[in-house]
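Inspection log for the structure reproduced underneath, given as structure tokens.
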Amino acid sequence: MRAVLRAFRRPMGAIAGGWLLAMIFVAVFAAWLTPYDYDIQALKEAYQPPSPAHWLGTDEFGRDLLTRLFHGARTSLSVSSIAIGISVLCGMVLGAAAGWFGGRFDRAVTVVVDLTWSFPEILIALILVAIIGPGTTGTMAAIGVAYLAQFTRLTRAQIMMLKGETFIEAARSLGAGNAHILFRHLLPNALAPVLVSAMLATGDAIILEATLGFFGLGAQPPTPSWGAMMSAGSALVFKAPWIILFPGLAVAITVVAINLFGDALIAELDIRARMRRAA
Amino acid sequence: MTMSFRKSLLAASVSLAALLGAPVLAQEATFVFATNEVGAPTYNPIKATNLNAATTLIFDRMVSQAADLSYHPWLAESWEEAPDGMSWVFHLKPGVTFHNGEPFNAETVKAWLELFKGSENAYMAEAIASVEVVDDLTVKFVMSRPEPNLLYNFSSSYMSVVEPKSYAALGDNYGVTEVYGTGPFKLESFAVGQETVLVRNEDYKWGSPLAKNQGPAHIARLTFREIAEDSTAFLELKTGGVDMLLGVPADLLAEVQKEANLAVLTLPGQDVYYMPINVTKPPFDDIRVREAAAKAINQDEILASVFGGVGSVAHTFLIDALPESHVADSAKISYDPVRAAAALDEAGWVMGADGVRAKDGQPLKVSLWTQSDSSFRRLTEVVQAQLKAVGIEAEITTFDSSMIRDQYKTGEQQLAVRSYNWDNADIVDWFLGGDRLGYPNVSMFNDPKAEELRAAAMTGAKNMDERVKNFTAYHEYVLTQFPVAPIYQPVTSVGYNSERLAMPAELNAPSVGAIAIMDMEVKE
């Protein structure tokens, strides 16, 4: 937590972190920030360019684009962070168990995980959405599974590395059990790199969510998502370019901000140095 | 020595320039299929359920159809129907050959019609009990029942005349790797979903009399590209990458018209957009709820807001050009929010404080399926808002356009938004016949009285007047049961580069196919 605060002190970290905080703010308070509803159509007001009444213009149904963008932030951020949360949680449990117990269990987990690792995330997500069905839940599950391999592998590698450390040997000789060592000693030490990588993966997950939304497989209308807004805008790019422009910018800036903030965090946590020490 | 070297250098550069310049100057053109024709997997008209516009150039048909939907000779010079409708005699055009050199005659017609048995499109020829070869250029069809629709079938691209010997020899490859017809163009190459290249049939001299030119086509080489996204296709047209788009969606029309070098040709459309209502799924097993959903659709608002006012509203299941669309006014389905609300009240669905009706504590929530193309998604969102206005909350589920037919086969849909393209009343049978539940009968409509009327319409008519009467009655009854809500009829808009292409002054055909392209020229 202290590292997160320190990351804000770096100039890039401050800008990027500021943007992310702003996005989280608009996502949470979307309903109160503008005088419009995200789902009420006003067909006579469709395709209005940005104006004082509609700062970012209106979409093909006459809905205020800024309102849609704010609500879209809620969809994009919540879907991607919940999905990555699922991924991290399941990945850490699986990876820690595989790394700690080793043997046949480890081999089984590794084979399955490596198999999914060898496919692009978008492919796994598309297959899963085809099975589960389109919508927010389907998208979350699909993204969660798509990134599972990454966190399983990372946690497993961390656990394998830490397992032979002197402090673990000490804990064991003091009579600590498996659970105690795993949860009190190993996982806390393995947490930092996993969290940073989760942060960066959230950026990728936003893109993946937007991609699924672009194909019409993410959140279903009238719920806005940045990807679906871009998809609608792509067919109207000559008539009303602002419909695709603003959600596109939102995705791009947010993903860049996540990466920059992740970089700042890596520097603050000094993960690379710590890994060198551990090796 | 120097002189001759210079001369040969000059000659070489001239011939090189000719080589490089040739493709630009020659009669070559690149067209883009309408998006609903993208991905057609074969040029085999007997087995295909989706054929693209290039099919009409590879094959000829027995009969051609004019813009007013009347029938005219083509490979058949004339025909007579027996007074009782139980036989037809067709007189064939002499001197017609297939691309592989085989002659076209009475024997080939007999062999060709044999191929339909057991195929996907068997119904097109099923009323023909047997084919008699009277002489080399005369065939007699003995009918199992009168078929007033025979001339329509013979004018359809699904009854394109194929060469039977190569058809048998090639098996499943027919229409994919090779294909032989009698048409004005021969297939040079075909990559599914990408591109079809056609070259002129130099021997062609038997074109439809509806075109000015019956001889070889003016255009020597035609490339058809398949571009799934309309805005990409428009950019290609705008930047000169292609010369014509066979389908321009309503929302891009203004953009095409804005460009000085582009022009739009508008033809009557053959599509109907509609909302199927699954009559087997509660709450839509109650006809009052179906009526309410159907009358909640504000066709005029959709025409103005989604389709920019281009085209016309639909109040029946058939395009306005068909006489069978002329049903009683009381059967036509129009926007009537007052009746919609009353019907829902009668059915016990009471308006709640949140704007959603409820009955016995259950909210009126239904599913609304659509396909992923952007125009469908836009239309469906407006339909969703219109249903909400009468208290029906519809949850949209979007399926990939290529997968949605399989989804319909599950029968789980409640409401959907889709469209069809056809210009014959038998489409009512195809989409609402009781033996095709799921898909094509997305409404799962199977009504005893409708089935009776359907049989009379499909097989009970002795002549065209009777067929029109029977189909009108069938269509009218179906509409009163609300298995569908008609929405919109587009026009067909073709966008082309007017600096590159010279269009025929007059186009006497229902769509842009062989008749239009025979008279088209590339400006040099």
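By order of appearance in the structure tokens: chains A, B, ..., then residues from 1 within every chain, and ligands from 1 in the order shown.
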Write out as number ranges by chain which residues come within 12 Å of B:Gly361 when counting only C-alpha atoms, dropping same-chain ones fewer than 4 positions away.
-> B: 348-352, 356-357, 365
Counting only C-alpha atoms, chain A residues within 9 Å of chain B, as an MDAnalysis selection string | chainID A and resid 39:41 43:44 46 60:61 130 133:135 215:218 220:222 231:232 234:239
Near A:Phe261, within 12 Å and counting only C-alpha atoms, which residues show up once chain neighbours fewer than 4 positions away are dropped, as a ChimeraX atom specification?
-> /A:3-21,196-197,199-200,202-203,253-257,265-268
Would you write out those residues with N, CA and C atoms, as a short mmCIF file (atom, residue, chain, number, x, y, z; two decimals), in the first residue's frame?
data_model
loop_
_atom_site.label_atom_id
_atom_site.label_comp_id
_atom_site.auth_asym_id
_atom_site.auth_seq_id
_atom_site.Cartn_x
_atom_site.Cartn_y
_atom_site.Cartn_z
N ALA A 3 3.77 1.48 -1.15
CA ALA A 3 4.41 1.58 -2.46
C ALA A 3 3.48 2.28 -3.45
N VAL A 4 2.18 2.02 -3.32
CA VAL A 4 1.21 2.66 -4.21
C VAL A 4 1.26 4.16 -4.00
N LEU A 5 1.28 4.57 -2.75
CA LEU A 5 1.35 6.01 -2.46
C LEU A 5 2.64 6.61 -2.98
N ARG A 6 3.73 5.85 -2.80
CA ARG A 6 5.03 6.36 -3.29
C ARG A 6 5.02 6.50 -4.81
N ALA A 7 4.31 5.55 -5.49
CA ALA A 7 4.25 5.59 -6.95
C ALA A 7 3.61 6.90 -7.42
N PHE A 8 2.70 7.43 -6.59
CA PHE A 8 2.05 8.70 -6.94
C PHE A 8 3.02 9.87 -6.92
N ARG A 9 4.16 9.70 -6.21
CA ARG A 9 5.10 10.81 -6.11
C ARG A 9 5.95 10.94 -7.36
N ARG A 10 6.02 9.83 -8.15
CA ARG A 10 6.74 9.95 -9.42
C ARG A 10 5.86 10.72 -10.40
N PRO A 11 6.46 11.59 -11.27
CA PRO A 11 5.62 12.44 -12.14
C PRO A 11 4.68 11.60 -13.02
N MET A 12 5.25 10.56 -13.68
CA MET A 12 4.41 9.74 -14.57
C MET A 12 3.34 9.02 -13.76
N GLY A 13 3.77 8.53 -12.61
CA GLY A 13 2.84 7.81 -11.74
C GLY A 13 1.71 8.71 -11.30
N ALA A 14 2.02 9.99 -11.05
CA ALA A 14 0.99 10.91 -10.58
C ALA A 14 -0.03 11.17 -11.68
N ILE A 15 0.48 11.41 -12.91
CA ILE A 15 -0.45 11.69 -14.02
C ILE A 15 -1.33 10.46 -14.28
N ALA A 16 -0.64 9.31 -14.40
CA ALA A 16 -1.38 8.09 -14.72
C ALA A 16 -2.34 7.72 -13.59
N GLY A 17 -1.83 7.81 -12.36
CA GLY A 17 -2.68 7.47 -11.22
C GLY A 17 -3.86 8.41 -11.11
N GLY A 18 -3.61 9.70 -11.43
CA GLY A 18 -4.68 10.69 -11.38
C GLY A 18 -5.79 10.33 -12.37
N TRP A 19 -5.39 9.98 -13.57
CA TRP A 19 -6.38 9.59 -14.58
C TRP A 19 -7.19 8.39 -14.10
N LEU A 20 -6.48 7.40 -13.54
CA LEU A 20 -7.18 6.19 -13.10
C LEU A 20 -8.16 6.51 -11.98
N LEU A 21 -7.72 7.36 -11.04
CA LEU A 21 -8.63 7.75 -9.95
C LEU A 21 -9.85 8.46 -10.52
N VAL A 196 1.49 -6.56 -9.18
CA VAL A 196 1.90 -5.68 -10.28
C VAL A 196 1.47 -6.27 -11.60
N SER A 197 1.67 -7.56 -11.75
CA SER A 197 1.29 -8.17 -13.01
C SER A 197 -0.23 -8.17 -13.18
N MET A 199 -2.09 -5.74 -12.11
CA MET A 199 -2.36 -4.36 -12.53
C MET A 199 -2.20 -4.23 -14.04
N LEU A 200 -1.07 -4.75 -14.55
CA LEU A 200 -0.84 -4.64 -16.00
C LEU A 200 -1.86 -5.46 -16.78
N THR A 202 -4.86 -5.96 -15.98
CA THR A 202 -6.15 -5.26 -16.03
C THR A 202 -6.22 -4.36 -17.26
N GLY A 203 -5.09 -3.77 -17.61
CA GLY A 203 -5.05 -2.97 -18.84
C GLY A 203 -5.38 -3.81 -20.05
N ILE A 253 -6.30 5.89 -23.43
CA ILE A 253 -5.65 6.62 -22.32
C ILE A 253 -5.65 5.77 -21.05
N THR A 254 -6.76 5.10 -20.78
CA THR A 254 -6.83 4.30 -19.55
C THR A 254 -5.81 3.16 -19.57
N VAL A 255 -5.68 2.51 -20.73
CA VAL A 255 -4.73 1.39 -20.79
C VAL A 255 -3.29 1.91 -20.64
N VAL A 256 -2.99 3.04 -21.31
CA VAL A 256 -1.65 3.61 -21.17
C VAL A 256 -1.42 4.00 -19.71
N ALA A 257 -2.42 4.61 -19.08
CA ALA A 257 -2.28 5.04 -17.68
C ALA A 257 -2.02 3.84 -16.77
N LEU A 265 4.93 1.60 -10.12
CA LEU A 265 4.79 0.68 -8.99
C LEU A 265 5.94 -0.32 -8.96
N ILE A 266 6.29 -0.82 -10.15
CA ILE A 266 7.42 -1.77 -10.23
C ILE A 266 8.68 -1.13 -9.68
N ALA A 267 8.89 0.13 -10.10
CA ALA A 267 10.09 0.84 -9.64
C ALA A 267 10.07 1.00 -8.12
N GLU A 268 8.90 1.36 -7.58
CA GLU A 268 8.79 1.58 -6.14
C GLU A 268 8.94 0.27 -5.36
#
Which residues in stretch 12-203 of chain B does DSSP call strand (DSSP E or B)? List them as an MDAnalysis selection string.
-> chainID B and resid 28:32 63:65 71:73 76:81 87:92 97 103 128:135 138:143 174 178 185:191 195:200
Close residues, stretch 163-175 of chain B itself excluded, 12 Å, only C-alpha atoms, min 6 positions apart in chain, as a PyMOL selection string = chain B and resi 40-48+51+54-55+58-60+96-105+107-116+181-183+186-192+196
10 Å contact set for B:Tyr474, only C-alpha atoms, chain neighbours under 5 positions out, as an NGL selection string = :B and (324 or 327 or 425 or 428-429 or 449-458 or 468-469 or 479)
Could you save the residues just selected, with N, CA and C atoms, as a PDB file, in the first residue's frame?
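Output contents, as saved in out_22.pdb:
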ATOM      1  N   GLU B 324     -49.891 -10.316 -53.376  1.00  0.00           N
ATOM      2  CA  GLU B 324     -50.347 -11.015 -52.166  1.00  0.00           C
ATOM      3  C   GLU B 324     -50.164 -10.163 -50.910  1.00  0.00           C
ATOM      4  N   VAL B 327     -53.557  -7.259 -48.395  1.00  0.00           N
ATOM      5  CA  VAL B 327     -54.506  -7.903 -47.479  1.00  0.00           C
ATOM      6  C   VAL B 327     -55.476  -6.839 -46.962  1.00  0.00           C
ATOM      7  N   ALA B 425     -44.446 -14.656 -52.897  1.00  0.00           N
ATOM      8  CA  ALA B 425     -45.282 -14.856 -51.712  1.00  0.00           C
ATOM      9  C   ALA B 425     -44.984 -16.175 -50.999  1.00  0.00           C
ATOM     10  N   VAL B 428     -43.874 -16.741 -47.218  1.00  0.00           N
ATOM     11  CA  VAL B 428     -44.731 -16.925 -46.040  1.00  0.00           C
ATOM     12  C   VAL B 428     -44.680 -18.401 -45.623  1.00  0.00           C
ATOM     13  N   ASP B 429     -44.742 -19.281 -46.635  1.00  0.00           N
ATOM     14  CA  ASP B 429     -44.631 -20.721 -46.369  1.00  0.00           C
ATOM     15  C   ASP B 429     -43.264 -21.049 -45.786  1.00  0.00           C
ATOM     16  N   LYS B 449     -55.390 -23.908 -38.875  1.00  0.00           N
ATOM     17  CA  LYS B 449     -56.065 -23.199 -39.963  1.00  0.00           C
ATOM     18  C   LYS B 449     -55.041 -22.628 -40.951  1.00  0.00           C
ATOM     19  N   ALA B 450     -53.937 -22.141 -40.402  1.00  0.00           N
ATOM     20  CA  ALA B 450     -52.890 -21.596 -41.274  1.00  0.00           C
ATOM     21  C   ALA B 450     -52.340 -22.698 -42.173  1.00  0.00           C
ATOM     22  N   GLU B 451     -52.182 -23.892 -41.615  1.00  0.00           N
ATOM     23  CA  GLU B 451     -51.635 -25.002 -42.410  1.00  0.00           C
ATOM     24  C   GLU B 451     -52.570 -25.358 -43.562  1.00  0.00           C
ATOM     25  N   GLU B 452     -53.902 -25.305 -43.294  1.00  0.00           N
ATOM     26  CA  GLU B 452     -54.881 -25.572 -44.357  1.00  0.00           C
ATOM     27  C   GLU B 452     -54.743 -24.548 -45.484  1.00  0.00           C
ATOM     28  N   LEU B 453     -54.715 -23.283 -45.077  1.00  0.00           N
ATOM     29  CA  LEU B 453     -54.603 -22.211 -46.064  1.00  0.00           C
ATOM     30  C   LEU B 453     -53.270 -22.294 -46.801  1.00  0.00           C
ATOM     31  N   ARG B 454     -52.268 -22.735 -46.082  1.00  0.00           N
ATOM     32  CA  ARG B 454     -50.936 -22.852 -46.665  1.00  0.00           C
ATOM     33  C   ARG B 454     -50.927 -23.901 -47.774  1.00  0.00           C
ATOM     34  N   ALA B 455     -51.548 -25.049 -47.499  1.00  0.00           N
ATOM     35  CA  ALA B 455     -51.596 -26.121 -48.499  1.00  0.00           C
ATOM     36  C   ALA B 455     -52.325 -25.630 -49.748  1.00  0.00           C
ATOM     37  N   ALA B 456     -53.417 -24.914 -49.531  1.00  0.00           N
ATOM     38  CA  ALA B 456     -54.171 -24.399 -50.677  1.00  0.00           C
ATOM     39  C   ALA B 456     -53.310 -23.425 -51.475  1.00  0.00           C
ATOM     40  N   ALA B 457     -52.554 -22.608 -50.767  1.00  0.00           N
ATOM     41  CA  ALA B 457     -51.734 -21.608 -51.451  1.00  0.00           C
ATOM     42  C   ALA B 457     -50.579 -22.253 -52.198  1.00  0.00           C
ATOM     43  N   MET B 458     -49.927 -23.222 -51.557  1.00  0.00           N
ATOM     44  CA  MET B 458     -48.725 -23.819 -52.140  1.00  0.00           C
ATOM     45  C   MET B 458     -49.051 -24.772 -53.279  1.00  0.00           C
ATOM     46  N   VAL B 468     -52.661 -16.211 -56.360  1.00  0.00           N
ATOM     47  CA  VAL B 468     -52.615 -14.914 -55.674  1.00  0.00           C
ATOM     48  C   VAL B 468     -53.704 -14.860 -54.614  1.00  0.00           C
ATOM     49  N   LYS B 469     -54.902 -15.350 -54.988  1.00  0.00           N
ATOM     50  CA  LYS B 469     -56.034 -15.305 -54.060  1.00  0.00           C
ATOM     51  C   LYS B 469     -55.732 -16.173 -52.821  1.00  0.00           C
ATOM     52  N   LEU B 479     -51.200 -12.994 -40.516  1.00  0.00           N
ATOM     53  CA  LEU B 479     -50.979 -11.688 -39.876  1.00  0.00           C
ATOM     54  C   LEU B 479     -51.900 -11.483 -38.681  1.00  0.00           C
TER      55      LEU B 479
END
Could you name the residues that touch A:Leu195 at 12 Å or less, counting only C-alpha atoms, but leaving out those on the same chain fewer than 2 positions away, as a PyMOL selection string?
-> chain A and resi 1+3-4+84-85+87-89+91-92+150-151+154-155+187-193+197-202+262+265-266+269+271
Serialized selection, N, CA and C atoms, as a compact mmCIF listing (two decimals), in the first residue's frame:
# COMPACT_ATOMS: atom_id res chain seq x y z
N MET A 1 0.83 -1.20 0.00
CA MET A 1 0.00 0.00 0.00
C MET A 1 0.87 1.26 0.00
N ALA A 3 3.77 1.48 -1.15
CA ALA A 3 4.41 1.58 -2.46
C ALA A 3 3.48 2.28 -3.45
N VAL A 4 2.18 2.02 -3.32
CA VAL A 4 1.21 2.66 -4.21
C VAL A 4 1.26 4.16 -4.00
N ILE A 84 -10.08 -9.98 -13.58
CA ILE A 84 -8.68 -10.18 -13.19
C ILE A 84 -8.63 -10.62 -11.72
N GLY A 85 -9.55 -10.10 -10.90
CA GLY A 85 -9.61 -10.54 -9.50
C GLY A 85 -9.83 -12.04 -9.40
N SER A 87 -9.19 -14.19 -11.69
CA SER A 87 -7.99 -14.80 -12.24
C SER A 87 -6.87 -14.88 -11.20
N VAL A 88 -6.64 -13.77 -10.51
CA VAL A 88 -5.55 -13.70 -9.52
C VAL A 88 -5.82 -14.68 -8.37
N LEU A 89 -7.06 -14.66 -7.88
CA LEU A 89 -7.41 -15.50 -6.74
C LEU A 89 -7.22 -16.98 -7.08
N GLY A 91 -5.68 -18.22 -9.67
CA GLY A 91 -4.32 -18.47 -10.12
C GLY A 91 -3.37 -18.65 -8.95
N MET A 92 -3.52 -17.81 -7.90
CA MET A 92 -2.62 -17.90 -6.75
C MET A 92 -2.83 -19.20 -5.99
N GLN A 150 -1.51 -17.05 -16.60
CA GLN A 150 -0.47 -16.10 -16.26
C GLN A 150 -0.19 -16.08 -14.75
N PHE A 151 -1.26 -16.01 -13.95
CA PHE A 151 -1.07 -15.88 -12.49
C PHE A 151 -0.70 -17.21 -11.84
N LEU A 154 3.03 -17.58 -12.56
CA LEU A 154 3.82 -16.62 -11.80
C LEU A 154 3.90 -17.03 -10.32
N THR A 155 2.76 -17.37 -9.74
CA THR A 155 2.75 -17.76 -8.32
C THR A 155 3.57 -19.03 -8.11
N LEU A 187 3.12 -16.94 0.53
CA LEU A 187 2.26 -16.08 -0.29
C LEU A 187 2.51 -14.58 -0.06
N PRO A 188 2.68 -14.13 1.18
CA PRO A 188 2.96 -12.70 1.35
C PRO A 188 4.21 -12.27 0.58
N ASN A 189 5.20 -13.11 0.54
CA ASN A 189 6.42 -12.76 -0.18
C ASN A 189 6.24 -12.84 -1.69
N ALA A 190 5.28 -13.67 -2.14
CA ALA A 190 5.07 -13.83 -3.58
C ALA A 190 4.07 -12.81 -4.10
N LEU A 191 3.45 -12.08 -3.17
CA LEU A 191 2.30 -11.24 -3.55
C LEU A 191 2.67 -10.08 -4.48
N ALA A 192 3.77 -9.37 -4.16
CA ALA A 192 4.08 -8.13 -4.88
C ALA A 192 4.14 -8.31 -6.39
N PRO A 193 4.94 -9.25 -6.90
CA PRO A 193 4.98 -9.38 -8.36
C PRO A 193 3.63 -9.75 -8.95
N SER A 197 1.67 -7.56 -11.75
CA SER A 197 1.29 -8.17 -13.01
C SER A 197 -0.23 -8.17 -13.18
N ALA A 198 -0.96 -8.22 -12.05
CA ALA A 198 -2.41 -8.12 -12.13
C ALA A 198 -2.82 -6.75 -12.62
N MET A 199 -2.09 -5.74 -12.11
CA MET A 199 -2.36 -4.36 -12.53
C MET A 199 -2.20 -4.23 -14.04
N LEU A 200 -1.07 -4.75 -14.55
CA LEU A 200 -0.84 -4.64 -16.00
C LEU A 200 -1.86 -5.46 -16.78
N ALA A 201 -2.23 -6.63 -16.24
CA ALA A 201 -3.19 -7.48 -16.93
C ALA A 201 -4.56 -6.81 -17.00
N THR A 202 -4.86 -5.96 -15.98
CA THR A 202 -6.15 -5.26 -16.03
C THR A 202 -6.22 -4.36 -17.26
N GLY A 262 1.67 1.08 -13.51
CA GLY A 262 2.30 -0.21 -13.22
C GLY A 262 3.82 -0.09 -13.22
N LEU A 265 4.93 1.60 -10.12
CA LEU A 265 4.79 0.68 -8.99
C LEU A 265 5.94 -0.32 -8.96
N ILE A 266 6.29 -0.82 -10.15
CA ILE A 266 7.42 -1.77 -10.23
C ILE A 266 8.68 -1.13 -9.68
N LEU A 269 8.33 -0.76 -5.86
CA LEU A 269 8.41 -2.04 -5.14
C LEU A 269 9.78 -2.68 -5.29
N ILE A 271 10.85 -4.64 -7.50
CA ILE A 271 10.65 -6.07 -7.65
C ILE A 271 11.82 -6.75 -8.33
Close residues, A:Val113 itself excluded, 7 Å, only C-alpha atoms, min 4 positions apart in chain, as a PDB file with N, CA and C atoms, in the first residue's frame:
ATOM      1  N   VAL A 109      -1.360 -29.662 -13.091  1.00  0.00           N
ATOM      2  CA  VAL A 109      -1.689 -28.233 -13.201  1.00  0.00           C
ATOM      3  C   VAL A 109      -0.867 -27.589 -14.304  1.00  0.00           C
ATOM      4  N   TRP A 117      -2.055 -21.402 -21.870  1.00  0.00           N
ATOM      5  CA  TRP A 117      -1.050 -20.353 -22.065  1.00  0.00           C
ATOM      6  C   TRP A 117      -0.662 -20.231 -23.533  1.00  0.00           C
ATOM      7  N   ALA A 149      -3.835 -18.618 -16.552  1.00  0.00           N
ATOM      8  CA  ALA A 149      -2.525 -19.245 -16.733  1.00  0.00           C
ATOM      9  C   ALA A 149      -1.400 -18.342 -16.249  1.00  0.00           C
TER      10      ALA A 149
END
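Closest approach to A:Gly248 from the set A:Leu186, A:Leu69, A:Val111, A:Cys90 is made by A:Leu69, with distances taken over only C-alpha atoms.
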